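Below is one structure, written out as structure tokens, with a few remarks after it.
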Amino acid sequence: MSDPLALDPYSMWRDALAEVDEVFASPPGLDRPVGGCTFCTPESELRVLGGDPADVPDDLLGHFMREVASHWNEDQYPVLWRRFIPRALRRWGPDGNCPDPSEEMGRLGLQGARLADWPAAERAAVERAFRALLHIAVTDGRPDWDITDLTEGIAHATGDLEPWLEHIARLAGPEADAGVVRLAFGWATDLLWGDLEFNGWYDGDPQLIAAWLPSLRTRIASFAARHPRCKNASDALIAIDAIDAIEADGWGPWLHPYDMRTLGGPALVHQD
């Protein structure tokens, strides 16, 4: 049997969407009209949000997804997200129109729609779609900072970073190998320069990435041996070794190209 993590990620995405459509085919109902901040969302638009999810215009759906949870009735907010999640996922996907979905995904977190409390089948379908999205991101050549944003959004939505790091590590195939090398290089150097941070997930700890990166050393070394001219691979190994070596206050292997702080003192892996 083929390893599912070596399959075409776009096929995995389409299969995940099909499951989402099936699981959410009968969206939960609302027991009263949608309530929310009428300063930000007129009564007429609140009525539309409470109607058929398919009839909500894209711009209004985007407004709902971006608006903070406190602007909606607390008990209705998770229900609204469960009604809109098939469209939300498509908006975040490769054919969608949302260049950075991390903030919107974060609305599913514990301070918002509480994805972790949704029925098990719904939660599993959404997380399967997240796995496909992350697979696409790692293998389609996009820069590491875009993958950082996506990983943050997914981890914020689900309340945990480590399963998604494990998912990245399990991705198989040559495109995944190259993507993991590129991502490890970007994350390791950002950690050394104190630049890796989460922008919207305030409970998230990027230092979990620092603890995870050394687990990739063997994979990256194997890639470097197969591709001896790949500077990303050789530099990723140098950066990971530096993270291991300097702990809190040693010198990193390179000067920061954008910040002259490194001329006056050591680069830090951990900063307070």
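Chain identifiers are assigned as A, B, and so on, following the order in which chains appear in the structure tokens; residues are numbered from 1 within each chain, and ligands are numbered from 1 in order of appearance.
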Could you give me, as JSON lines, every segment 138-178 of chain A residue with an atom at most 10 Å from segment 8-16 of chain A, plus its closest atom pair and distance in Å to one decimal, counting only C-alpha atoms, rows ordered by chain then number?
{"residue": "A:Val138", "atom": "CA", "partner": "A:Pro9", "partner_atom": "CA", "distance": 9.9}
{"residue": "A:Thr139", "atom": "CA", "partner": "A:Pro9", "partner_atom": "CA", "distance": 8.3}
{"residue": "A:Asp140", "atom": "CA", "partner": "A:Pro9", "partner_atom": "CA", "distance": 9.5}
{"residue": "A:Leu171", "atom": "CA", "partner": "A:Pro9", "partner_atom": "CA", "distance": 10.0}
{"residue": "A:Gly173", "atom": "CA", "partner": "A:Asp8", "partner_atom": "CA", "distance": 9.8}
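Proximity to Ser102 of chain A at 7 Å, evaluated using only C-alpha atoms and with sequence-adjacent residues fewer than 2 positions away removed, yields Asp100, Glu104, Met105, Gly106, Asp149, Leu150, Glu152 and Gly153 of chain A.
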May I have the residues from that selection written out with C-alpha atoms, as a compact mmCIF listing (two decimals), in the first residue's frame?
# COMPACT_ATOMS: atom_id res chain seq x y z
CA ASP A 100 -2.37 34.77 4.57
CA GLU A 104 -8.59 33.77 10.16
CA MET A 105 -7.59 30.24 11.17
CA GLY A 106 -6.76 31.56 14.61
CA ASP A 149 2.31 31.77 9.05
CA LEU A 150 0.29 28.76 7.92
CA GLU A 152 0.98 29.18 13.25
CA GLY A 153 -2.62 29.51 12.06
Can you tell me, as a short mmCIF file (atom, residue, chain, number, x, y, z; two decimals) with C-alpha atoms, in the first residue's frame, which residues in segment 57-195 of chain A count as alpha helix (DSSP H) by DSSP?
data_model
loop_
_atom_site.label_atom_id
_atom_site.label_comp_id
_atom_site.auth_asym_id
_atom_site.auth_seq_id
_atom_site.Cartn_x
_atom_site.Cartn_y
_atom_site.Cartn_z
CA ASP A 58 -17.79 36.19 -0.30
CA ASP A 59 -17.04 39.66 1.02
CA LEU A 60 -19.45 39.24 3.93
CA LEU A 61 -18.03 35.80 4.70
CA GLY A 62 -14.53 37.29 4.72
CA HIS A 63 -15.70 40.03 7.09
CA PHE A 64 -17.12 37.44 9.49
CA MET A 65 -13.95 35.37 9.41
CA ARG A 66 -11.70 38.35 10.10
CA TYR A 77 -19.91 31.97 17.17
CA PRO A 78 -18.82 28.28 17.02
CA VAL A 79 -22.09 27.38 15.29
CA LEU A 80 -21.52 30.01 12.60
CA TRP A 81 -18.02 28.71 11.97
CA ARG A 82 -19.31 25.14 11.70
CA ARG A 83 -21.81 26.37 9.10
CA PHE A 84 -19.14 28.18 7.08
CA ILE A 85 -16.12 25.89 7.47
CA PRO A 86 -16.40 24.19 4.02
CA ARG A 87 -16.26 27.61 2.38
CA ALA A 88 -13.58 28.84 4.78
CA LEU A 89 -11.27 25.95 3.91
CA ARG A 90 -11.70 26.62 0.20
CA ARG A 91 -10.88 30.26 0.83
CA TRP A 92 -7.63 29.16 2.54
CA SER A 102 -3.27 32.45 9.66
CA GLU A 103 -5.29 35.19 11.35
CA GLU A 104 -8.59 33.77 10.16
CA MET A 105 -7.59 30.24 11.17
CA GLY A 106 -6.76 31.56 14.61
CA ALA A 120 -15.16 14.38 16.65
CA ALA A 121 -16.05 13.73 12.99
CA GLU A 122 -16.11 17.45 12.22
CA ARG A 123 -12.83 18.11 13.97
CA ALA A 124 -11.17 15.16 12.22
CA ALA A 125 -12.34 16.36 8.79
CA VAL A 126 -11.01 19.87 9.38
CA GLU A 127 -7.68 18.57 10.64
CA ARG A 128 -7.36 16.30 7.61
CA ALA A 129 -7.81 19.37 5.42
CA PHE A 130 -5.18 21.21 7.47
CA ARG A 131 -2.72 18.34 6.94
CA ALA A 132 -3.26 18.55 3.18
CA LEU A 133 -2.79 22.33 3.20
CA LEU A 134 0.46 22.03 5.13
CA HIS A 135 1.64 19.28 2.79
CA ILE A 136 1.03 21.54 -0.21
CA ALA A 137 2.80 24.44 1.49
CA VAL A 138 5.95 22.46 2.26
CA THR A 139 6.20 20.96 -1.24
CA ASP A 144 9.60 29.55 4.76
CA TRP A 145 7.88 32.63 6.24
CA ASP A 146 4.66 31.73 4.43
CA ILE A 147 4.86 28.21 5.87
CA THR A 148 5.52 29.75 9.30
CA ASP A 149 2.31 31.77 9.05
CA LEU A 150 0.29 28.76 7.92
CA THR A 151 1.74 26.53 10.64
CA GLU A 152 0.98 29.18 13.25
CA GLY A 153 -2.62 29.51 12.06
CA ILE A 154 -3.21 25.76 12.11
CA ALA A 155 -1.55 25.35 15.51
CA HIS A 156 -3.55 28.27 16.89
CA ALA A 157 -6.77 26.72 15.59
CA THR A 158 -6.03 23.33 17.11
CA GLU A 162 3.89 19.68 17.97
CA PRO A 163 1.52 17.44 15.93
CA TRP A 164 2.02 19.72 12.93
CA LEU A 165 5.79 19.63 13.25
CA GLU A 166 5.54 15.84 13.39
CA HIS A 167 3.33 15.91 10.28
CA ILE A 168 5.93 17.96 8.39
CA ALA A 169 8.65 15.52 9.43
CA ARG A 170 6.64 12.56 8.11
CA PRO A 174 11.71 14.43 -3.20
CA GLU A 175 9.59 17.58 -3.10
CA ALA A 176 9.01 17.07 0.62
CA ASP A 177 12.73 16.50 1.21
CA ALA A 178 13.57 19.76 -0.55
CA GLY A 179 10.82 21.63 1.28
CA VAL A 180 11.88 20.34 4.68
CA VAL A 181 15.48 21.39 3.98
CA ARG A 182 14.39 24.86 2.88
CA LEU A 183 12.11 25.22 5.88
CA ALA A 184 14.74 23.97 8.35
CA PHE A 185 17.27 26.45 6.99
CA GLY A 186 14.82 29.35 7.26
CA TRP A 187 13.60 28.46 10.74
CA ALA A 188 17.05 27.70 12.12
CA THR A 189 18.59 30.96 10.90
CA ASP A 190 15.62 32.98 12.13
CA LEU A 191 15.96 31.37 15.54
CA LEU A 192 19.67 32.21 15.66
#
Exercise. Near Arg217 of chain A, counting only C-alpha atoms, which residues have an atom at most 9 Å away, once you skip same-chain residues fewer than 5 positions from it, shown as a PyMOL selection string?
Worked result: chain A and resi 222+236-237+240-241
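In terms of minimum interatomic distance to Glu45 of chain A, A:Pro57 ranks closest within A:Trp193, A:Gly29, A:Ser70, A:Pro57, counting only C-alpha atoms.
Comparing the minimum interatomic distances between Gly159 of chain A and each of A:Leu7, A:Leu115, A:Val68, A:Ala211, counting only C-alpha atoms, we find that A:Leu115 sits nearest.
Take atom CA of Phe39 of chain A and atom CA of Pro99 of chain A: the distance between them is 27.0 Å.
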